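Q: Dropping in run_35.csv, with CSV, C-alpha atoms.
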chain,number,residue,atom,x,y,z
X,153,MET,CA,116.4,102.2,69.6
X,154,MET,CA,114.5,99.7,71.7
X,155,ARG,CA,116.0,96.4,72.5
X,156,ALA,CA,114.8,93.6,70.3
X,157,GLU,CA,113.7,91.4,73.1
X,158,LEU,CA,111.2,94.0,74.5
X,159,ARG,CA,107.6,93.3,74.0
X,160,GLU,CA,105.4,96.1,72.6
X,161,GLU,CA,102.3,94.9,74.4
X,162,VAL,CA,101.3,96.6,77.7
X,163,THR,CA,98.5,95.9,80.1
X,164,PRO,CA,95.2,97.4,78.8
X,165,LEU,CA,94.7,100.9,80.1
X,166,GLN,CA,91.9,101.6,82.5
X,167,THR,CA,89.7,104.7,82.7
X,168,GLN,CA,86.7,103.2,84.7
X,169,ASP,CA,86.2,104.3,88.3
X,170,GLU,CA,89.3,106.6,88.3
X,171,PRO,CA,88.6,108.0,91.7
X,172,ALA,CA,88.6,104.6,93.4
X,173,LEU,CA,91.7,103.5,91.5
X,174,ARG,CA,93.6,106.7,92.4
X,175,ILE,CA,92.7,106.3,96.1
X,176,LYS,CA,93.9,102.7,96.0
X,177,VAL,CA,97.0,103.0,93.9
X,178,VAL,CA,98.3,106.3,95.2
X,179,GLY,CA,97.6,105.1,98.7
X,180,GLU,CA,99.9,102.1,98.0
X,181,GLN,CA,102.5,104.5,96.6
X,182,ARG,CA,102.4,106.5,99.7
X,183,GLU,CA,103.0,103.4,101.8
X,184,ILE,CA,106.1,102.7,99.7
X,185,GLU,CA,107.4,106.2,100.2
X,186,ILE,CA,106.9,106.1,104.0
X,187,LYS,CA,109.3,103.1,104.2
X,188,LEU,CA,112.1,104.6,102.0
X,189,PRO,CA,113.9,106.7,104.7
X,190,PHE,CA,114.4,103.4,106.6
X,191,CYS,CA,115.7,101.4,103.7
X,192,LYS,CA,119.2,100.9,102.2
X,193,ASN,CA,120.3,101.7,98.7
X,194,VAL,CA,117.1,103.5,97.6
X,195,ARG,CA,116.6,104.7,94.0
X,196,VAL,CA,113.6,106.5,92.8
X,197,VAL,CA,112.7,107.5,89.2
X,198,PHE,CA,109.6,109.4,88.2
X,199,PHE,CA,108.4,109.5,84.6
X,200,ILE,CA,105.7,112.2,84.3
X,201,ARG,CA,104.3,114.8,82.0
X,202,ASN,CA,104.7,117.7,84.5
X,203,PRO,CA,107.1,118.2,87.4
X,204,LEU,CA,105.9,116.6,90.7
X,205,THR,CA,102.6,118.0,92.0
X,206,GLY,CA,103.8,117.9,95.6
X,207,ALA,CA,106.8,120.0,94.8
X,208,TYR,CA,104.5,123.0,94.2
X,209,ILE,CA,102.6,122.8,97.5
X,210,PRO,CA,104.1,124.2,100.7
X,211,ARG,CA,103.5,121.7,103.6
X,212,GLU,CA,102.4,124.6,105.9
X,213,LYS,CA,99.4,124.9,103.6
X,214,ILE,CA,98.1,121.4,104.5
X,215,GLN,CA,96.9,119.7,107.6
X,216,TYR,CA,95.7,116.3,108.8
X,217,ASN,CA,92.0,116.1,109.8
X,218,GLU,CA,92.0,113.6,112.6
X,219,GLU,CA,88.2,113.2,112.6
X,220,LYS,CA,87.9,112.5,108.8
X,221,LYS,CA,91.4,110.8,108.6
X,222,ILE,CA,92.3,112.8,105.5
X,223,TYR,CA,94.8,115.4,104.5
X,224,GLU,CA,93.3,118.8,103.5
X,225,PHE,CA,94.2,122.4,102.9
X,226,THR,CA,94.3,124.6,105.9
X,227,PRO,CA,91.4,127.2,106.3
X,228,GLU,CA,94.0,130.0,105.7
X,229,ALA,CA,95.1,128.3,102.4
X,230,LEU,CA,91.5,128.0,101.3
X,231,LYS,CA,90.9,131.7,101.8
X,232,ASP,CA,94.0,132.6,99.8
X,233,GLU,CA,92.6,133.3,96.3
X,234,LYS,CA,96.0,133.6,94.7
X,235,PHE,CA,97.2,130.3,96.2
X,236,MET,CA,94.0,128.4,95.3
X,237,ALA,CA,94.3,129.7,91.7
X,238,HIS,CA,97.8,128.2,91.7
X,239,ILE,CA,96.4,124.9,93.0
X,240,ARG,CA,93.7,124.8,90.3
X,241,ALA,CA,96.5,124.9,87.8
X,242,ILE,CA,98.1,121.8,89.2
X,243,ILE,CA,95.2,119.7,90.5
X,244,SER,CA,92.0,119.1,88.4
X,245,GLU,CA,88.6,120.2,89.7
X,246,ALA,CA,87.5,116.6,89.8
X,247,VAL,CA,90.3,115.7,92.3
X,248,LEU,CA,89.9,119.0,94.3
X,249,ASN,CA,86.2,118.3,94.8
X,250,ASP,CA,86.8,114.7,96.0
X,251,GLU,CA,88.3,114.9,99.5
X,252,LYS,CA,89.6,111.4,99.5
X,253,GLN,CA,91.3,111.8,96.1
X,254,LEU,CA,92.7,115.1,97.2
X,255,SER,CA,94.0,113.5,100.4
X,256,THR,CA,96.1,111.1,98.4
X,257,VAL,CA,97.8,114.0,96.6
X,258,LEU,CA,98.4,116.1,99.8
X,259,SER,CA,99.5,113.1,101.8
X,260,ARG,CA,102.7,112.9,99.8
X,261,VAL,CA,103.8,116.5,100.1
X,262,GLU,CA,105.6,116.0,103.4
X,263,LEU,CA,107.1,112.7,102.1
X,264,LEU,CA,108.7,114.5,99.2
X,265,GLU,CA,109.9,117.3,101.4
X,266,GLU,CA,111.7,114.9,103.7
X,267,SER,CA,113.0,112.5,101.0
X,268,GLU,CA,116.8,112.1,100.8
X,269,ALA,CA,116.7,109.3,98.2
X,270,PRO,CA,118.5,109.8,94.9
X,271,THR,CA,115.6,110.7,92.6
X,272,VAL,CA,115.5,111.3,88.9
X,273,VAL,CA,112.4,113.1,87.5
X,274,PHE,CA,111.8,112.8,83.8
X,275,TYR,CA,109.2,115.2,82.6
X,276,SER,CA,108.1,116.7,79.3
X,277,ALA,CA,106.3,119.9,80.0
X,278,GLU,CA,106.5,122.8,82.5
X,279,ARG,CA,103.5,123.7,84.6
X,280,LYS,CA,101.4,126.6,83.2
X,281,ASN,CA,99.7,129.4,85.1
X,282,VAL,CA,101.4,128.6,88.4
X,283,ASP,CA,103.4,130.4,91.0
X,284,PRO,CA,106.8,128.8,90.5
X,285,SER,CA,108.4,130.1,93.7
X,286,HIS,CA,107.8,127.1,95.8
X,287,PHE,CA,109.0,124.7,93.1
X,288,GLU,CA,112.2,126.7,92.7
X,289,ARG,CA,112.7,126.6,96.4
X,290,PHE,CA,112.1,122.8,96.4
X,291,LYS,CA,114.8,122.3,93.7
X,292,ARG,CA,117.3,124.5,95.6
X,293,GLU,CA,116.7,122.6,98.9
X,294,HIS,CA,116.6,119.1,97.4
X,295,PRO,CA,119.8,118.5,95.4
X,296,ASN,CA,119.0,114.8,95.5
X,297,PHE,CA,116.2,115.4,93.0
X,298,ASP,CA,117.5,115.5,89.5
X,299,PHE,CA,114.9,117.1,87.3
X,300,GLN,CA,115.4,116.1,83.6
X,301,ARG,CA,113.2,117.6,81.0
X,302,ILE,CA,112.8,115.4,77.9
X,303,ASP,CA,111.2,116.0,74.5
X,304,GLU,CA,107.4,115.5,74.3
X,305,ALA,CA,107.7,113.0,71.4
X,306,GLU,CA,110.2,111.0,73.4
X,307,TYR,CA,107.9,111.1,76.4
X,308,ASN,CA,105.0,109.9,74.4
X,309,SER,CA,107.0,107.0,72.8
X,310,TYR,CA,107.5,105.6,76.3
X,311,LEU,CA,104.1,106.4,77.8
X,312,GLY,CA,102.4,103.3,79.2
X,313,LYS,CA,105.7,101.3,78.9
X,314,ILE,CA,107.6,103.0,81.7
X,315,SER,CA,105.8,103.4,85.0
X,316,GLU,CA,105.1,106.8,86.4
X,317,ALA,CA,107.1,106.0,89.5
X,318,THR,CA,109.8,103.3,90.0
X,319,TYR,CA,111.2,102.4,93.4
X,320,VAL,CA,114.1,100.1,94.1
X,321,TYR,CA,115.5,99.5,97.6
X,322,GLN,CA,116.8,96.8,99.9
X,323,ASP,CA,114.6,95.4,102.7
X,324,GLU,CA,115.4,94.3,106.2
X,325,ASN,CA,117.0,91.1,104.9
X,326,MET,CA,119.1,93.2,102.4
X,327,GLN,CA,117.1,91.7,99.5
X,328,PRO,CA,116.3,94.0,96.6
X,329,GLN,CA,112.7,95.1,96.3
X,330,TYR,CA,111.1,96.6,93.1
X,331,ARG,CA,107.9,98.5,92.7
X,332,CYS,CA,106.5,100.2,89.6
X,333,VAL,CA,103.5,102.5,90.0
X,334,PHE,CA,101.3,103.2,87.0
X,335,ALA,CA,99.0,106.1,87.6
X,336,THR,CA,98.1,109.6,86.4
X,337,GLN,CA,98.9,113.0,87.8
X,338,ALA,CA,96.3,115.0,89.6
X,339,ILE,CA,95.9,117.5,86.8
X,340,GLU,CA,95.0,114.9,84.2
X,341,PRO,CA,92.7,112.3,86.0
X,342,ASP,CA,90.9,111.3,82.8
X,343,ARG,CA,94.0,110.1,81.0
X,344,PRO,CA,93.9,106.3,80.6
X,345,SER,CA,96.3,104.5,82.9
X,346,ARG,CA,97.1,100.9,83.9
X,347,TRP,CA,96.4,102.0,87.5
X,348,GLU,CA,98.4,99.4,89.3
X,349,VAL,CA,101.5,98.7,91.4
X,350,VAL,CA,103.6,95.9,90.0
X,351,LYS,CA,106.3,94.1,92.0
X,352,GLY,CA,109.2,91.7,91.7
X,353,LEU,CA,109.6,90.0,88.3
X,354,LEU,CA,106.6,91.9,86.9
X,355,THR,CA,108.7,95.0,87.0
X,356,ARG,CA,111.3,93.7,84.5
X,357,GLU,CA,109.6,95.0,81.4
X,358,PRO,CA,108.9,98.6,82.6
X,359,ILE,CA,112.4,98.8,84.2
X,360,THR,CA,114.0,97.5,80.9
X,361,PHE,CA,112.3,100.3,79.0
X,362,LEU,CA,113.3,102.8,81.8
X,363,ASN,CA,116.9,101.7,81.5
X,364,VAL,CA,116.9,102.6,77.8
X,365,LEU,CA,115.8,106.1,78.8
X,366,LEU,CA,118.3,106.3,81.8
X,367,LYS,CA,121.2,105.3,79.5
X,368,ALA,CA,120.2,107.8,76.9
X,369,TYR,CA,120.5,110.6,79.5
X,370,LYS,CA,123.7,109.2,81.1
X,371,LYS,CA,121.9,108.2,84.3
X,372,ALA,CA,122.8,105.0,86.1
X,373,GLU,CA,120.7,102.0,85.0
X,374,ILE,CA,118.7,99.9,87.5
X,375,PRO,CA,119.7,96.2,87.9
X,376,LEU,CA,116.8,94.1,86.8
X,377,PRO,CA,115.1,92.1,89.5
X,378,TYR,CA,116.7,88.8,90.6
X,379,ASN,CA,119.6,89.2,88.3
X,380,ARG,CA,122.3,88.2,90.8
X,381,SER,CA,125.1,89.2,88.5
X,382,LEU,CA,124.2,92.9,89.0
X,383,LEU,CA,124.6,93.9,92.6
X,384,PHE,CA,123.5,97.1,94.4
X,385,THR,CA,126.2,99.8,94.6
X,386,PRO,CA,125.6,102.4,97.3
X,387,SER,CA,125.7,105.9,96.0
X,388,PRO,CA,127.3,108.8,98.0
X,389,ALA,CA,123.9,110.3,98.6
X,390,ASN,CA,122.6,107.0,100.1
X,391,GLU,CA,125.7,106.7,102.2
X,392,ALA,CA,125.2,110.2,103.6
X,393,ALA,CA,121.5,109.5,104.3
X,394,ASN,CA,122.2,106.2,106.0
X,395,THR,CA,124.6,107.7,108.5
X,396,ARG,CA,121.7,109.1,110.4
X,397,LEU,CA,120.0,105.7,110.7
X,398,SER,CA,120.2,103.7,113.9
X,399,THR,CA,119.6,100.4,112.0
X,400,ASP,CA,120.4,98.9,108.7
X,401,THR,CA,116.9,97.4,108.4
X,402,CYS,CA,114.0,98.6,106.3
X,403,ARG,CA,111.1,99.1,108.6
X,404,SER,CA,107.8,101.0,108.7
X,405,PRO,CA,107.6,103.9,111.0
X,406,SER,CA,104.7,104.4,113.4
X,407,ALA,CA,101.9,106.7,112.4
X,408,PRO,CA,102.9,109.3,109.7
X,409,SER,CA,103.5,112.9,110.8
X,410,THR,CA,100.4,115.1,110.6
X,411,LYS,CA,102.2,118.4,110.4
Turn the structure described in the file into structure tokens.
A:
Amino acid sequence: MMRAELREEVTPLQTQDEPALRIKVVGEQREIEIKLPFCKNVRVVFFIRNPLTGAYIPREKIQYNEEKKIYEFTPEALKDEKFMAHIRAIISEAVLNDEKQLSTVLSRVELLEESEAPTVVFYSAERKNVDPSHFERFKREHPNFDFQRIDEAEYNSYLGKISEATYVYQDENMQPQYRCVFATQAIEPDRPSRWEVVKGLLTREPITFLNVLLKAYKKAEIPLPYNRSLLFTPSPANEAANTRLSTDTCRSPSAPSTK
């Protein structure tokens, strides 16, 4: 049952100019993910209909186009009919046919592959008509990703209240930072969404809803922003990841890798 103090109202959903909104919001999401390997006590939670799109795409199938400044499929990948049929099952034609939107999807593939952050992925439905081999490899090689399937009715009851991606971490001053990303997956671009990244105290409501779900599945809850009575507790996974860092600060790296 939801806590009595939670408000049922949410920000009005947006459907207008979805391509521009996706480029803006998912671009901001990528900037958050670029920083995470250099931050302390990172926690990530995804709340999505299908498992992560990027977990189905091998990074050797994509490249960075220096001239256009976009990520794209390699020529070899585009010629591979079986692979492209797989891609059309996870990315809508509208996104595939818009190189800037597609770039936002492909730009996060390598970030997911390299992520060591403790990550919970709540999802309600398996992908259909796909080649599952890369996703199965991704799960084997990334034990820090906890994929948790939930009932569709339960998913729908939280839709619009929990953000699709929640990031919590400590910055260079060891201050907690909160980001909630409201967006849609690449296979369902026409689904209404708030299409925004909320920060700080504005994340209290979606994180409070998220904590209800986390508690129901016996996952650690996230301390609400600026509640000083709840402090960060480093997890073993974070401690292991942090041993390779040369600094305790959260900093942005130079230009992202273009492998």
Q: Give me, as a PyMOL selection string, all polymer residues having an atom no more than 7 Å from Pro189 of chain X, counting only C-alpha atoms and skipping those fewer than 2 positions away in the same chain.
A: chain X and resi 187+191+267
Q: Hey, which of X:Thr205, X:Glu251, X:Val282, X:Glu324 ends up closest to Lys221 of chain X? Count all atoms listed in the file.
A: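 Comparing X:Thr205, X:Glu251, X:Val282, X:Glu324 against Lys221 of chain X, the winner is X:Glu251.
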Q: Closest to Val257 of chain X among X:Arg331, X:Arg174, X:Arg195, X:Arg201, using all atoms listed in the file?
A: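 That would be X:Arg174, the residue with the smallest distance to Val257 of chain X.
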Q: Pick out the closest residue to Ala335 of chain X from this set: X:Pro284, X:Pro375, X:Gly206, X:Gly179. Count all atoms listed in the file.
A: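 Among X:Pro284, X:Pro375, X:Gly206, X:Gly179, it is X:Gly179 that comes nearest to Ala335 of chain X.
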Q: Smallest atom-to-atom distance to Tyr208 of chain X: which of X:Tyr369, X:Ile339, X:Glu288, X:Asn308, using only C-alpha atoms?
A: X:Glu288
Q: Extract, using only C-alpha atoms, all DNA, RNA and protein residues at most 9 Å from Glu180 of chain X, discarding same-chain residues fewer than 5 positions from it, and format them as a short mmCIF file (atom, residue, chain, number, x, y, z; two decimals) with C-alpha atoms, in the coordinates of the input.
A:
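Produced file result_20.cif, reproduced below:
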data_model
loop_
_atom_site.label_atom_id
_atom_site.label_comp_id
_atom_site.auth_asym_id
_atom_site.auth_seq_id
_atom_site.Cartn_x
_atom_site.Cartn_y
_atom_site.Cartn_z
CA ILE X 175 92.70 106.30 96.10
CA GLU X 185 107.40 106.20 100.20
CA VAL X 333 103.50 102.50 90.00
CA VAL X 349 101.50 98.70 91.40
#
Q: Pick from X:Glu265, X:Glu183, X:Glu228, X:Glu348: nearest to Glu316 of chain X, with only C-alpha atoms counted?
A: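 When distances to Glu316 of chain X are compared using only C-alpha atoms, the smallest one comes from X:Glu348.
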Q: Please report the interatomic distance between atom CA of Lys213 of chain X and atom CA of Tyr319 of chain X in Å with one decimal.
A: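 Atom CA of Tyr319 of chain X lies 27.4 Å from atom CA of Lys213 of chain X.
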Q: Taking only C-alpha atoms into account, name the residue in X:Ser309, X:Asn202, X:Asn193, X:Thr256 that is nearest to Ala269 of chain X.
A: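 Smallest separation from Ala269 of chain X among the options: X:Asn193.
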Q: Within 10 Å of (96.0, 120.5, 83.6), all atoms listed in the file: residues as a list in words?
A: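 Here is the list of nearby residues: Asn202, Arg240, Ala241, Ile242, Ile243, Ser244, Glu245, Arg279, Lys280, Asn281, Gln337, Ala338, Ile339, Glu340 and Pro341 of chain X.
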Q: Find the residues near Lys220 of chain X: any atom within 10 Å, counting all atoms listed in the file, skip ones fewer than 4 places away on the same chain, and give them as an mmCIF file with C-alpha atoms, in the coordinates of the input.
A:
data_model
loop_
_atom_site.group_PDB
_atom_site.id
_atom_site.type_symbol
_atom_site.label_atom_id
_atom_site.label_comp_id
_atom_site.auth_asym_id
_atom_site.auth_seq_id
_atom_site.Cartn_x
_atom_site.Cartn_y
_atom_site.Cartn_z
ATOM 1 C CA TYR X 216 95.700 116.300 108.800
ATOM 2 C CA GLU X 224 93.300 118.800 103.500
ATOM 3 C CA GLU X 251 88.300 114.900 99.500
ATOM 4 C CA LYS X 252 89.600 111.400 99.500
#
Q: Quick one: distance from atom CA of Leu263 of chain X to atom CA of Ala368 of chain X in Å, one decimal?
A: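 Interatomic distance, atom CA of Leu263 of chain X to atom CA of Ala368 of chain X: 28.8 Å.
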Q: Just the residues within 6 Å of segment 290-300 of chain X, please, counting only C-alpha atoms, with nothing from its chain fewer than 3 positions along; format it as a PyMOL selection string.
A: chain X and resi 270-274+287
Q: What's the separation between atom CA of Thr360 of chain X and atom CA of Asn325 of chain X, in Å to one decimal place?
A: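 Going from atom CA of Thr360 of chain X over to atom CA of Asn325 of chain X covers 25.0 Å.
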